[in-house]
2 protein chains.
Amino acid sequence: MRTTRYLAVAAVALAACQASETQEQMQARIRAESDSARALIEQAAAAFGRLVSAGHADSLALMYAENAVLMPPNMPPATGRAAIRETFAGMLAGGPTTVHLAVGSVVANGPIAIESGRYHMTMQPPAPAPAMTDSGKYLVHWHRVDGAWRMAEDIWNSDVPVEAPAPARRR
Amino acid sequence: MRTTRYLAVAAVALAACQASETQEQMQARIRAESDSARALIEQAAAAFGRLVSAGHADSLALMYAENAVLMPPNMPPATGRAAIRETFAGMLAGGPTTVHLAVGSVVANGPIAIESGRYHMTMQPPAPAPAMTDSGKYLVHWHRVDGAWRMAEDIWNSDVPVEAPAPARRR
């Protein structure tokens with residue numbers, strides 16, 4: 001009889017917990033998780049900039065999940081770390097490059113997070129070509145695997161209008 | 001005394017529930033939530049295509065959250081529904097346009113989801129200009145508000161290389 005009552009009490013307690021988080025609790029938890037993901041993502045953004053300056057395509061690729069998809073503008077997507085490393089190696093072969101990432105919003109819930117932000121980049125091709133600069137926006141889907149955040153999908157595009165092809169001059 | 005024991009039983013039950021989901025349970029829940037978000041997002045992708053064909057910038061903007069950010073290539077981001085509506089109106093003013101969205105991966109956890117996919121678009125400017133086509137990739141951050149999924153951030157870029165400006169011909 002007493003056991004039955006204990007079980008009843010346990011059942012009520014567990015039923016209350018099945019209803020689990022209230023909306024407010026969930027929102028508070030997501031805020032807390034987003035804040036702690038943000039701190040790590042800001043470190044990752046700084047590391048990304050250092051690795052670009054150092055020309056380290058290999059280490060850049062390790063910031064991505066094994067089966068990640070890199071989505072650069074004006075070329076097909078690169079799927080998987082090997083393809084991502086090749087893509088960065090190709091980009092960095094153009095000349096000394098700098099990238100600055102400014103983290104904007106970060107939303108995390110459990111093992112997934114979304115970061116948006118802005119980038120500014122410069123590249124110095126061999127002289128006498130002038131330095132190139134570009135600025136734009138990006139969105140990254142992060143995935144936490146074994147406690148480490150890795151980029152699963154990474155896409156960006158420029159704010160700068162495409163120059164219309166110069167009209168061929170004829171006389 | 002009996003009350004104390006009931007409380008102890010309830011405390012143990014609740015402690016077990018605090019430990020909450022196992023990894024496996026979480027992954028199963030995320031898979032289930034992703035599947036049901038995907039079904040709705042595929043409907044949204046089809047609706048997006050219909051609204052583009054119909055030239056309905058107003059209705060397109062309603063698919064976005066109030067404070068959403070649209071991140072089109074080669075122009076600055078548009079923040080908020082009014083700016084998003086203006087951006088679509090500007091794009092659709094170029095001529096009859098079609099967009100086909102092919103949903104790729106969808107990951108959802110609670111009120112957030114991330115969708116990646118591919119787009120194919122055509123636009124017919126006033127004759128005699130030829131039809132323009134473009135294909136590329138996109139990433140969308142979805143947010144569920146009051147039971148409805150809305151786009152919070154939407155970015156895309158083309159797979160097609162930018163044409164180098166035609167060299168000016170001189171004789």
# chains A, B, ... in the order shown; residues from 1 in each chain; ligands from 1
call {"tool": "select_by_dssp", "arguments": {"residues": "chain B", "states": "alpha helix (DSSP H)", "output": "ChimeraX atom specification"}}
result
/B:2-18,23-54,57-61,81-92
call {"tool": "select_by_dssp", "arguments": {"residues": "chain B", "states": "strand (DSSP E or B)", "output": "number ranges by chain"}}
result
B: 64-71, 78-79, 97-109, 112-123, 132-145, 148-158
call {"tool": "residues_around", "arguments": {"residues": "A:Pro126", "least_positions_apart": "3", "cutoff": "12 Å", "atoms": "only C-alpha atoms", "output": "ChimeraX atom specification"}}
result
/A:93-97,123,129-132
call {"tool": "residues_around", "arguments": {"residues": "B:Glu86", "least_positions_apart": "5", "cutoff": "9 Å", "atoms": "only C-alpha atoms", "output": "PyMOL selection string"}}
result
chain B and resi 57-58+61+78+81+91
call {"tool": "closest_residue", "arguments": {"among": "B:Ser158, B:Ile114, B:Gln27, B:Leu101", "to": "A:Val145", "atoms": "only C-alpha atoms"}}
result
B:Gln27
call {"tool": "closest_residue", "arguments": {"among": "A:Arg5, A:Arg29, A:Arg150, A:Arg38", "to": "chain B", "atoms": "only C-alpha atoms"}}
result
A:Arg5
call {"tool": "residues_around", "arguments": {"residues": "B:Glu33", "least_positions_apart": "3", "cutoff": "10 Å", "atoms": "only C-alpha atoms", "output": "MDAnalysis selection string"}}
result
chainID B and resid 27:30 36:38 106:111 113
call {"tool": "atom_distance", "arguments": {"atom1": "atom CA of B:Ser116", "atom2": "atom CA of A:Ala148"}}
result
22.0 Å
call {"tool": "residues_around", "arguments": {"residues": "B:Asn74", "least_positions_apart": "5", "cutoff": "8 Å", "atoms": "only C-alpha atoms", "output": "list in words"}}
result
Asn157, Ser158, Asp159, Val160, Pro161 and Val162 of chain A
call {"tool": "atom_distance", "arguments": {"atom1": "atom CA of B:His141", "atom2": "atom CA of B:Glu153"}}
result
5.0 Å
call {"tool": "closest_residue", "arguments": {"among": "A:Ala102, A:Ala65, A:Ala127, A:Leu139", "to": "chain B", "atoms": "only C-alpha atoms"}}
result
A:Leu139
call {"tool": "closest_residue", "arguments": {"among": "A:Pro125, A:Ser59, A:Gly90, A:Trp149", "to": "A:Gln43", "atoms": "only C-alpha atoms"}}
result
A:Trp149
call {"tool": "closest_atom_pairs", "arguments": {"of": "stretch 31-117 of chain A", "to": "stretch 133-136 of chain B", "cutoff": "12 Å", "atoms": "only C-alpha atoms", "output": "CSV"}}
result
residue,atom,partner,partner_atom,distance
A:Met71,CA,B:Gly136,CA,9.1
A:Pro72,CA,B:Gly136,CA,9.9
A:Pro73,CA,B:Gly136,CA,8.5
A:Asn74,CA,B:Gly136,CA,8.2
A:Met75,CA,B:Gly136,CA,8.5
A:Pro76,CA,B:Gly136,CA,7.5
A:Pro77,CA,B:Gly136,CA,8.7
call {"tool": "write_last_selection", "arguments": {"atoms": "N, CA, C and O atoms", "output": "compact mmCIF listing (two decimals), in the first residue's frame"}}
result
# COMPACT_ATOMS: atom_id res chain seq x y z
N MET A 71 30.31 26.87 -48.85
CA MET A 71 29.49 27.40 -49.93
C MET A 71 30.02 28.77 -50.37
O MET A 71 29.40 29.80 -50.06
N PRO A 72 31.12 28.80 -51.09
CA PRO A 72 31.69 30.09 -51.49
C PRO A 72 30.93 30.69 -52.67
O PRO A 72 30.33 29.95 -53.45
N PRO A 73 30.94 32.01 -52.79
CA PRO A 73 30.25 32.65 -53.92
C PRO A 73 30.93 32.30 -55.24
O PRO A 73 32.15 32.20 -55.31
N ASN A 74 30.12 32.14 -56.26
CA ASN A 74 30.61 32.03 -57.64
C ASN A 74 31.49 30.82 -57.89
O ASN A 74 32.36 30.84 -58.76
N MET A 75 31.24 29.79 -57.13
CA MET A 75 31.81 28.47 -57.42
C MET A 75 30.90 27.44 -56.76
O MET A 75 30.12 27.77 -55.87
N PRO A 76 30.99 26.18 -57.22
CA PRO A 76 30.12 25.16 -56.61
C PRO A 76 30.52 24.92 -55.16
O PRO A 76 31.64 25.25 -54.75
N PRO A 77 29.62 24.34 -54.37
CA PRO A 77 29.95 24.05 -52.97
C PRO A 77 31.06 23.00 -52.89
O PRO A 77 31.24 22.19 -53.80
